[in-house]
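Colleague: My structure is in input.cif, and what it holds is mmCIF, C-alpha atoms and all ligand atoms:
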data_coords
loop_
_atom_site.label_atom_id
_atom_site.label_comp_id
_atom_site.auth_asym_id
_atom_site.auth_seq_id
_atom_site.Cartn_x
_atom_site.Cartn_y
_atom_site.Cartn_z
CA MET V 1 97.36 69.48 58.36
CA ASP V 2 94.36 67.81 56.75
CA SER V 3 94.81 67.60 52.94
CA VAL V 4 91.18 68.71 52.35
CA LEU V 5 91.34 71.90 54.42
CA PRO V 6 94.02 73.79 52.50
CA HIS V 7 92.06 73.15 49.29
CA ARG V 8 88.97 74.76 50.81
CA ALA V 9 91.05 77.51 52.35
CA ALA V 10 92.80 78.13 49.01
CA GLN V 11 89.44 78.28 47.20
CA LEU V 12 88.06 80.84 49.67
CA LEU V 13 91.23 82.93 49.64
CA GLY V 14 91.47 82.92 45.82
CA ALA V 15 87.83 83.99 45.44
CA ALA V 16 87.84 86.65 48.19
CA ARG V 17 87.41 90.29 47.11
CA ARG V 18 88.36 91.75 50.50
CA VAL V 19 90.99 90.05 52.63
CA VAL V 20 92.28 90.97 56.10
CA ILE V 21 95.48 89.41 57.40
CA LEU V 22 96.22 89.63 61.16
CA THR V 23 99.69 88.58 62.26
CA GLY V 24 101.35 88.00 65.62
CA ALA V 25 104.85 87.14 66.73
CA GLY V 26 104.59 83.64 65.20
CA ILE V 27 104.95 85.03 61.65
CA SER V 28 108.45 86.29 62.54
CA ALA V 29 109.53 83.22 64.56
CA GLU V 30 111.08 81.48 61.52
CA SER V 31 113.08 84.63 60.81
CA GLY V 32 114.78 84.08 64.14
CA VAL V 33 112.81 86.76 66.01
CA PRO V 34 111.59 85.12 69.24
CA THR V 35 107.85 85.26 69.87
CA PHE V 36 106.70 87.55 72.61
CA ARG V 37 106.50 84.82 75.17
CA ASP V 38 109.84 83.21 74.46
CA ASP V 39 111.65 86.54 74.08
CA LEU V 40 112.69 85.98 77.64
CA THR V 41 115.47 83.47 77.06
CA GLY V 42 118.61 83.60 79.12
CA LEU V 43 118.83 86.61 81.39
CA TRP V 44 115.33 87.63 80.57
CA ALA V 45 113.96 84.38 81.96
CA ARG V 46 113.87 86.16 85.32
CA PHE V 47 111.33 88.70 84.02
CA ASP V 48 107.75 88.43 82.79
CA ALA V 49 107.53 90.14 79.38
CA GLN V 50 104.21 91.60 80.44
CA GLN V 51 106.02 93.22 83.36
CA LEU V 52 108.83 94.58 81.17
CA ALA V 53 106.50 95.87 78.42
CA THR V 54 104.95 98.54 80.66
CA ALA V 55 105.41 102.25 81.32
CA GLU V 56 105.84 101.42 85.01
CA ALA V 57 108.81 99.15 84.29
CA PHE V 58 110.38 101.81 82.06
CA HIS V 59 109.84 104.47 84.75
CA ALA V 60 111.34 102.22 87.43
CA GLU V 61 114.21 100.73 85.40
CA PRO V 62 114.71 102.71 82.15
CA ASP V 63 118.13 101.15 81.43
CA LEU V 64 116.79 97.58 81.79
CA VAL V 65 113.74 98.19 79.59
CA TRP V 66 115.58 100.27 76.97
CA GLY V 67 118.30 97.57 76.89
CA TRP V 68 115.65 94.90 76.24
CA TYR V 69 114.19 96.83 73.32
CA GLU V 70 117.63 97.61 71.87
CA TRP V 71 118.47 93.89 72.10
CA ARG V 72 115.20 93.06 70.29
CA ARG V 73 115.81 95.78 67.67
CA ALA V 74 119.31 94.39 67.01
CA ARG V 75 117.82 90.91 66.54
CA VAL V 76 115.27 92.26 64.06
CA ARG V 77 117.99 94.13 62.14
CA ARG V 78 119.88 90.83 61.76
CA ALA V 79 116.72 88.97 60.65
CA GLU V 80 115.31 88.58 57.15
CA PRO V 81 111.64 88.28 56.15
CA ASN V 82 110.68 84.62 55.67
CA SER V 83 108.53 82.92 53.03
CA GLY V 84 105.48 83.56 55.21
CA HIS V 85 105.99 87.35 55.02
CA LEU V 86 106.61 87.03 51.27
CA ALA V 87 103.44 84.96 50.77
CA ILE V 88 101.46 87.74 52.47
CA ALA V 89 102.94 90.28 50.04
CA THR V 90 101.86 87.95 47.20
CA ILE V 91 98.30 87.88 48.54
CA GLU V 92 98.31 91.69 48.49
CA SER V 93 99.49 91.68 44.86
CA ARG V 94 96.74 89.22 43.88
CA THR V 95 93.95 90.85 45.93
CA PRO V 96 94.33 94.63 45.90
CA ASP V 97 91.77 95.06 48.67
CA THR V 98 93.93 93.37 51.29
CA THR V 99 94.58 94.92 54.71
CA VAL V 100 97.58 93.67 56.67
CA ILE V 101 97.26 94.24 60.42
CA THR V 102 100.12 93.27 62.71
CA GLN V 103 100.65 93.12 66.45
CA ASN V 104 104.38 92.90 65.81
CA VAL V 105 106.80 95.74 66.37
CA ASP V 106 109.34 94.49 63.81
CA ASP V 107 109.62 95.74 60.20
CA LEU V 108 109.67 92.36 58.43
CA HIS V 109 106.31 92.85 56.67
CA GLU V 110 107.60 96.11 55.18
CA ARG V 111 110.89 94.49 54.15
CA ALA V 112 108.90 91.68 52.45
CA GLY V 113 107.03 94.24 50.33
CA THR V 114 103.89 94.96 52.35
CA ARG V 115 103.41 98.69 51.83
CA ALA V 116 101.05 99.81 54.57
CA ALA V 117 100.90 97.32 57.41
CA ILE V 118 98.77 98.59 60.28
CA HIS V 119 100.92 98.34 63.43
CA LEU V 120 98.43 98.03 66.30
CA HIS V 121 101.25 97.94 68.89
CA GLY V 122 103.70 100.39 67.34
CA SER V 123 107.24 99.74 66.16
CA LEU V 124 110.78 99.19 67.44
CA PHE V 125 111.87 101.79 64.89
CA THR V 126 109.86 104.84 65.97
CA PRO V 127 111.22 105.93 69.37
CA HIS V 128 109.86 109.15 70.87
CA CYS V 129 110.20 111.11 74.08
CA VAL V 130 108.02 110.34 77.08
CA THR V 131 106.24 113.74 77.07
CA ALA V 132 102.70 114.19 75.71
CA ALA V 133 104.35 115.80 72.66
CA ALA V 134 106.02 112.45 71.94
CA HIS V 135 108.79 114.19 69.95
CA PRO V 136 110.16 111.69 67.42
CA ALA V 137 113.69 110.61 68.29
CA THR V 138 116.55 108.97 66.41
CA PHE V 139 118.74 106.14 67.67
CA PRO V 140 122.18 107.11 68.92
CA ASP V 141 125.01 105.59 66.87
CA PRO V 142 126.84 103.00 68.96
CA PRO V 143 129.95 104.71 70.39
CA ASP V 144 133.07 103.74 68.41
CA GLY V 145 134.78 100.68 69.73
CA GLU V 146 131.72 99.50 71.64
CA ALA V 147 129.88 96.37 70.52
CA ALA V 148 127.40 97.49 67.86
CA GLU V 149 124.97 94.82 68.98
CA PRO V 150 123.57 95.05 72.51
CA HIS V 151 124.17 91.81 74.35
CA GLU V 152 121.22 89.92 75.77
CA GLY V 153 120.09 91.43 79.04
CA GLY V 154 122.41 94.41 78.82
CA ARG V 155 121.28 97.60 80.52
CA ILE V 156 121.50 100.62 78.23
CA SER V 157 120.61 104.16 79.28
CA PRO V 158 117.91 105.55 77.01
CA PRO V 159 118.89 108.70 75.10
CA ARG V 160 117.47 112.16 75.90
CA CYS V 161 115.11 114.01 73.55
CA ALA V 162 116.93 116.59 71.39
CA SER V 163 113.91 118.91 71.63
CA CYS V 164 113.02 118.78 75.33
CA GLN V 165 115.68 116.67 77.05
CA ALA V 166 113.03 114.21 78.36
CA LEU V 167 113.80 110.49 78.26
CA VAL V 168 113.30 108.73 74.93
CA ARG V 169 111.17 105.54 75.03
CA PRO V 170 110.47 102.75 72.54
CA GLY V 171 107.68 103.59 70.05
CA VAL V 172 105.60 100.60 71.10
CA VAL V 173 102.23 100.28 72.88
CA TRP V 174 102.81 98.94 76.38
CA PHE V 175 100.33 96.97 78.48
CA GLY V 176 97.90 99.43 80.00
CA GLU V 177 98.43 101.92 77.17
CA ALA V 178 95.81 102.75 74.57
CA LEU V 179 96.37 101.57 71.02
CA PRO V 180 96.72 104.24 68.32
CA GLU V 181 93.09 105.19 67.68
CA ALA V 182 93.39 105.50 63.89
CA ALA V 183 95.11 102.11 63.59
CA LEU V 184 92.50 100.34 65.72
CA THR V 185 89.57 102.00 63.95
CA THR V 186 90.93 101.17 60.48
CA ALA V 187 91.63 97.58 61.54
CA ALA V 188 88.16 97.10 63.02
CA GLU V 189 86.48 98.60 59.96
CA ALA V 190 88.44 96.28 57.63
CA ALA V 191 87.45 93.29 59.78
CA THR V 192 83.79 94.31 59.56
CA THR V 193 83.70 94.27 55.75
CA CYS V 194 86.14 91.53 54.69
CA ASP V 195 85.23 88.18 53.08
CA VAL V 196 88.20 86.28 54.57
CA LEU V 197 90.35 87.01 57.63
CA LEU V 198 93.61 85.08 57.81
CA THR V 199 95.02 85.07 61.37
CA ILE V 200 98.65 83.92 61.48
CA GLY V 201 100.96 83.26 64.42
CA THR V 202 99.11 84.89 67.27
CA SER V 203 98.03 83.44 70.58
CA GLY V 204 94.94 85.64 70.35
CA VAL V 205 95.00 86.55 74.05
CA VAL V 206 95.94 90.23 74.02
CA TYR V 207 93.14 92.73 73.69
CA PRO V 208 91.81 94.72 71.98
CA ALA V 209 93.86 93.24 69.04
CA ALA V 210 92.33 89.82 69.74
CA GLU V 211 88.91 91.34 69.00
CA ILE V 212 89.78 91.78 65.31
CA PRO V 213 89.24 88.14 64.22
CA ARG V 214 86.12 88.00 66.40
CA ILE V 215 84.72 91.12 64.69
CA ALA V 216 85.36 89.50 61.30
CA ALA V 217 83.65 86.23 62.28
CA SER V 218 80.61 88.03 63.72
CA SER V 219 80.40 90.14 60.56
CA GLY V 220 80.11 87.01 58.40
CA ALA V 221 83.70 86.63 57.22
CA THR V 222 85.42 83.26 57.02
CA VAL V 223 88.28 83.14 59.56
CA ILE V 224 91.21 80.93 58.62
CA GLN V 225 93.87 80.38 61.31
CA VAL V 226 97.50 79.40 60.69
CA ASN V 227 99.23 78.27 63.89
CA PRO V 228 101.10 75.08 64.88
CA GLN V 229 99.33 75.19 68.27
CA PRO V 230 95.68 75.49 69.33
CA THR V 231 94.65 78.98 70.50
CA PRO V 232 91.42 80.57 71.79
CA LEU V 233 90.83 81.60 68.16
CA ASP V 234 90.20 77.92 67.25
CA GLN V 235 86.61 78.51 68.37
CA ILE V 236 85.89 81.18 65.78
CA ALA V 237 88.10 79.90 62.94
CA ALA V 238 86.13 78.12 60.20
CA ILE V 239 89.40 76.49 59.10
CA ASN V 240 92.40 75.75 61.36
CA LEU V 241 95.60 75.06 59.42
CA ARG V 242 97.92 73.41 61.95
CA GLY V 243 101.37 74.37 60.79
CA THR V 244 103.97 77.11 60.82
CA ALA V 245 103.85 80.21 58.62
CA THR V 246 106.48 78.92 56.20
CA GLN V 247 104.95 75.41 56.11
CA VAL V 248 101.45 76.67 55.28
CA LEU V 249 101.43 80.09 53.59
CA PRO V 250 103.47 79.50 50.41
CA THR V 251 101.46 76.31 49.67
CA LEU V 252 98.17 78.05 50.44
CA VAL V 253 98.97 81.00 48.15
CA ALA V 254 100.21 78.76 45.31
CA ALA V 255 96.96 76.76 45.47
CA ALA V 256 94.77 79.88 45.71
CA TRP V 257 96.11 81.32 42.46
CA ARG V 258 97.38 78.27 40.63
C1 LIG R 301 94.74 98.50 76.55
C2 LIG R 301 104.06 95.71 72.05
C3 LIG R 301 93.41 100.14 77.63
C4 LIG R 301 105.13 95.78 73.11
C5 LIG R 301 102.28 94.35 73.04
C6 LIG R 301 90.20 93.65 77.41
C7 LIG R 301 90.09 94.79 76.63
C8 LIG R 301 91.12 95.72 76.58
C9 LIG R 301 92.31 95.49 77.30
C10 LIG R 301 92.41 94.35 78.08
C11 LIG R 301 91.37 93.44 78.13
N1 LIG R 301 91.75 92.43 78.96
C12 LIG R 301 92.99 92.69 79.42
C13 LIG R 301 93.42 93.85 78.91
C14 LIG R 301 94.72 94.44 79.18
C15 LIG R 301 95.79 94.01 78.19
C16 LIG R 301 95.68 92.57 77.78
O1 LIG R 301 95.12 92.25 76.75
N2 LIG R 301 96.24 91.71 78.59
C17 LIG R 301 96.24 90.30 78.28
C18 LIG R 301 97.56 89.68 78.72
C19 LIG R 301 95.06 89.64 78.96
N3 LIG R 301 95.74 94.85 77.02
C20 LIG R 301 96.39 96.03 77.04
O2 LIG R 301 96.99 96.45 78.02
C21 LIG R 301 96.34 96.88 75.79
N4 LIG R 301 95.97 98.22 76.17
O3 LIG R 301 93.84 97.75 76.45
O4 LIG R 301 94.66 99.76 77.09
C22 LIG R 301 93.41 101.60 77.67
C23 LIG R 301 92.44 102.29 76.96
C24 LIG R 301 92.41 103.66 77.03
C25 LIG R 301 93.39 104.35 77.76
C26 LIG R 301 94.39 103.65 78.44
C27 LIG R 301 94.41 102.26 78.40
C28 LIG R 301 97.70 96.99 75.13
C29 LIG R 301 98.17 95.65 74.65
C30 LIG R 301 99.44 95.81 73.81
C31 LIG R 301 100.65 95.36 74.59
N5 LIG R 301 101.83 95.39 73.71
N6 LIG R 301 103.32 94.46 72.19
C32 LIG R 301 106.25 94.80 72.83
O5 LIG R 301 106.21 94.07 71.82
O6 LIG R 301 107.18 94.77 73.66
S1 LIG R 301 101.51 92.87 73.22
C33 LIG R 301 102.45 91.59 72.58
O7 LIG R 301 101.94 90.37 73.08
C34 LIG R 301 102.32 91.39 71.09
O8 LIG R 301 102.32 92.60 70.40
C35 LIG R 301 101.05 90.62 70.90
O9 LIG R 301 99.94 91.47 70.74
C36 LIG R 301 100.86 89.98 72.25
C37 LIG R 301 100.79 88.48 72.13
O10 LIG R 301 101.82 88.10 71.37
P1 LIG R 301 101.57 87.24 70.02
O11 LIG R 301 101.88 88.11 68.89
O12 LIG R 301 100.27 86.53 70.00
O13 LIG R 301 102.69 86.25 70.29
P2 LIG R 301 102.72 85.10 71.36
O14 LIG R 301 104.13 84.90 71.72
O15 LIG R 301 101.71 85.34 72.43
O16 LIG R 301 102.17 83.87 70.51
C38 LIG R 301 102.86 83.50 69.34
C39 LIG R 301 101.94 82.55 68.61
O17 LIG R 301 102.60 82.15 67.41
C40 LIG R 301 101.64 81.28 69.40
O18 LIG R 301 100.26 80.98 69.28
C41 LIG R 301 102.49 80.21 68.69
O19 LIG R 301 101.85 78.94 68.68
C42 LIG R 301 102.55 80.76 67.29
N7 LIG R 301 103.75 80.38 66.54
C43 LIG R 301 104.99 80.10 67.02
N8 LIG R 301 105.82 79.84 65.99
C44 LIG R 301 105.08 79.97 64.84
C45 LIG R 301 103.77 80.31 65.19
N9 LIG R 301 102.80 80.51 64.28
C46 LIG R 301 103.13 80.37 62.98
N10 LIG R 301 104.38 80.04 62.56
C47 LIG R 301 105.37 79.83 63.46
N11 LIG R 301 106.61 79.50 63.04
#
Using structure tokens, write down the structure from this file.
Modeller:
Amino acid sequence: MDSVLPHRAAQLLGAARRVVILTGAGISAESGVPTFRDDLTGLWARFDAQQLATAEAFHAEPDLVWGWYEWRRARVRRAEPNSGHLAIATIESRTPDTTVITQNVDDLHERAGTRAAIHLHGSLFTPHCVTAAAHPATFPDPPDGEAAEPHEGGRISPPRCASCQALVRPGVVWFGEALPEAALTTAAEAATTCDVLLTIGTSGVVYPAAEIPRIAASSGATVIQVNPQPTPLDQIAAINLRGTATQVLPTLVAAAWR
């Protein structure tokens, strides 16, 4: 990480009146929550996440897909927010007009103190039934005596809706499904009017979420990227901070408001 860049990035962040923060799976990696692409360790290595994260997969193999999400939810429950999540909450406290937009389905931003993260791809914690009514559902308590934590790759039958007996599905947006309109509209509007957009821990390849930093750049905002690896967003980022969320964000925030 070049020693000059964080200074410039800190200056811009500290002076910004309107900040947008877009996060991807990378922000939760150091909390022990695997990123989307390496979620498929062990048994899951046989599957392509993009195949599993679809309505078709759930329709064809509900126990396999529900088991995958329950395994991911259990991993999130065991995880704690990291100093990257906490640094983002600090930015919000320093710059009231900050919008946090996440592609993640975990609740680590909320547990770090972010009050109203926009979840473009839903949440592991808002299951609903598969009907158009999408009746909200609650998670069944693990039967006594059974392992409370699903084991990796375990097939678990999804519960039935208490209102209509239809299958309950994870409250996430699958590939081929439309994003929640209000979330996407609010996110795009924030990107259009912000001074600085900080994109953290996303490969920037999944649309339409990947449009958000591009909208900000084309609207005149300064895009700052935090990622240990190059991504397609390198092209539109004015500043690329090559490092992990916990390596970069606490230092950046301390320098912005020293
Ligand atoms: C839709 C929830 C239409 C589920 C997810 C153009 C326009 C519109 C759509 C498309 C389009 N082109 C193609 C499409 C279709 C598709 C798409 O984008 N496909 C891609 C693969 C090309 N998009 C869709 O299907 C979307 N729907 O467009 O519907 C429509 C409209 C009307 C009516 C009907 C239909 C829906 C997409 C949402 C899918 N759901 N998640 C679940 O989680 O199971 S996507 C999922 O993968 C994530 O949410 C995230 O968005 C995406 C990518 O993951 P990332 O977060 O970026 O994580 P990744 O692992 O990829 O990368 C991690 C990064 O972190 C890396 O860069 C790594 O270097 C970095 N990193 C690692 N460690 C750290 C770190 N960084 C910092 N610190 C660290 N420690």
Colleague: So that I can check the surroundings of Ala133 of chain V, please list as a short mmCIF file (atom, residue, chain, number, x, y, z; two decimals) with C-alpha atoms, in the frame of the given file every protein, DNA and RNA residue that reaches within 12 Å of it, counting only C-alpha atoms and ignoring chain neighbours fewer than 6 positions away.
Modeller:
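In the end it all went to out_4.cif:
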data_model
loop_
_atom_site.label_atom_id
_atom_site.label_comp_id
_atom_site.auth_asym_id
_atom_site.auth_seq_id
_atom_site.Cartn_x
_atom_site.Cartn_y
_atom_site.Cartn_z
CA CYS V 161 115.11 114.01 73.55
CA SER V 163 113.91 118.91 71.63
CA CYS V 164 113.02 118.78 75.33
CA ALA V 166 113.03 114.21 78.36
CA VAL V 168 113.30 108.73 74.93
#
Colleague: Counting only C-alpha atoms and all ligand atoms, which residue out of V:Ser219, V:Gln165, V:Thr251, V:Ser123 sits closest to ligand LIG 301 (chain R)?
Modeller: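 Looking only at the distances to ligand LIG 301 (chain R), the closest residue turns out to be V:Ser123.
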Colleague: Nearest to ligand LIG 301 (chain R) among V:Ser31, V:Thr202, V:Thr99, V:Gln51, with distances taken over all atoms listed in the file: which residue is it?
Modeller: V:Thr202
Colleague: If the limit is 8 Å from any atom of ligand LIG 301 (chain R), counting all atoms listed in the file, which residues qualify? Return them as an NGL selection string.
Modeller: :V and (23-30 or 34-38 or 49-50 or 52-53 or 69 or 103-105 or 120-123 or 172-179 or 200-210 or 226-231 or 243-247)
Colleague: Give me the residues within 7 Å of Ser157 of chain V as a list of chain:residue names, counting all atoms listed in the file and dropping any in the same chain fewer than 3 places off.
Modeller: V:Pro62, V:Asp63, V:Trp66
Colleague: Report, in Å with one decimal, the straight-line distance from atom CA of Asn82 of chain V to atom CA of Thr185 of chain V.
Modeller: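 A separation of 28.6 Å between them.
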Colleague: Need to verify the contact set: Glu70 of chain V, 10 Å, all atoms listed in the file, exclusion of same-chain residues closer than 2 positions in sequence. Can you return it as a list of chain:residue names?
Modeller: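 Those residues are V:Leu64, V:Val65, V:Trp66, V:Gly67, V:Trp68, V:Arg72, V:Arg73, V:Ala74, V:Arg75, V:Val76, V:Leu124, V:Phe125, V:Phe139, V:Glu149, V:Pro150, V:His151, V:Glu152, V:Gly153, V:Gly154, V:Arg155, V:Ile156, V:Pro158, V:Pro170.
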Colleague: Quick one: pull the distance between atom CA of His59 of chain V and atom CA of Pro159 of chain V, Å, one decimal.
Modeller: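 So the two atoms, atom CA of His59 of chain V and atom CA of Pro159 of chain V, lie 13.9 Å apart.
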Colleague: Between atom CA of Arg242 of chain V and atom CA of Gly84 of chain V, what distance in Å does the model show, to one decimal?
Modeller: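 Pair atom CA of Arg242 of chain V / atom CA of Gly84 of chain V returns 14.3 Å.
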Colleague: Name the closest residue to Ile21 of chain V among the candidates V:Ala191, V:Leu197, V:Val33, V:Ala134; distances are taken between atoms, counting only C-alpha atoms.
Modeller: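 Among the listed residues, the smallest separation from Ile21 of chain V belongs to V:Leu197.
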Colleague: Using only C-alpha atoms, can you tell me which of V:Ala55, V:Val19, V:Val196, V:Ile91 comes closest to Ala255 of chain V?
Modeller: V:Ile91
Colleague: Could you complete segment 206-217 of chain V so that it carries N, CA, C and O atoms, and give it back as a CSV table (one decimal), in the coordinates of the input?
Modeller:
chain,number,residue,atom,x,y,z
V,206,VAL,N,95.7,88.8,73.6
V,206,VAL,CA,95.9,90.2,74.0
V,206,VAL,C,94.9,91.1,73.3
V,206,VAL,O,94.7,91.1,72.1
V,207,TYR,N,94.2,91.9,74.2
V,207,TYR,CA,93.1,92.7,73.7
V,207,TYR,C,93.6,94.2,73.6
V,207,TYR,O,94.6,94.5,74.3
V,208,PRO,N,93.0,95.0,72.9
V,208,PRO,CA,91.8,94.7,72.0
V,208,PRO,C,92.2,94.1,70.6
V,208,PRO,O,91.3,93.8,69.8
V,209,ALA,N,93.5,93.8,70.4
V,209,ALA,CA,93.9,93.2,69.0
V,209,ALA,C,93.1,91.9,68.8
V,209,ALA,O,92.7,91.6,67.7
V,210,ALA,N,93.0,91.1,69.9
V,210,ALA,CA,92.3,89.8,69.7
V,210,ALA,C,90.9,89.9,69.3
V,210,ALA,O,90.2,88.9,69.0
V,211,GLU,N,90.3,91.2,69.4
V,211,GLU,CA,88.9,91.3,69.0
V,211,GLU,C,88.8,91.3,67.5
V,211,GLU,O,87.7,90.9,67.0
V,212,ILE,N,89.9,91.6,66.8
V,212,ILE,CA,89.8,91.8,65.3
V,212,ILE,C,89.2,90.5,64.6
V,212,ILE,O,88.3,90.6,63.9
V,213,PRO,N,89.8,89.3,64.9
V,213,PRO,CA,89.2,88.1,64.2
V,213,PRO,C,87.8,87.9,64.6
V,213,PRO,O,87.0,87.4,63.9
V,214,ARG,N,87.5,88.2,65.9
V,214,ARG,CA,86.1,88.0,66.4
V,214,ARG,C,85.1,88.9,65.7
V,214,ARG,O,84.0,88.6,65.4
V,215,ILE,N,85.6,90.2,65.4
V,215,ILE,CA,84.7,91.1,64.7
V,215,ILE,C,84.5,90.6,63.3
V,215,ILE,O,83.3,90.6,62.8
V,216,ALA,N,85.5,90.0,62.7
V,216,ALA,CA,85.4,89.5,61.3
V,216,ALA,C,84.4,88.3,61.3
V,216,ALA,O,83.4,88.3,60.5
V,217,ALA,N,84.5,87.4,62.2
V,217,ALA,CA,83.6,86.2,62.3
V,217,ALA,C,82.2,86.7,62.5
V,217,ALA,O,81.3,86.2,61.8
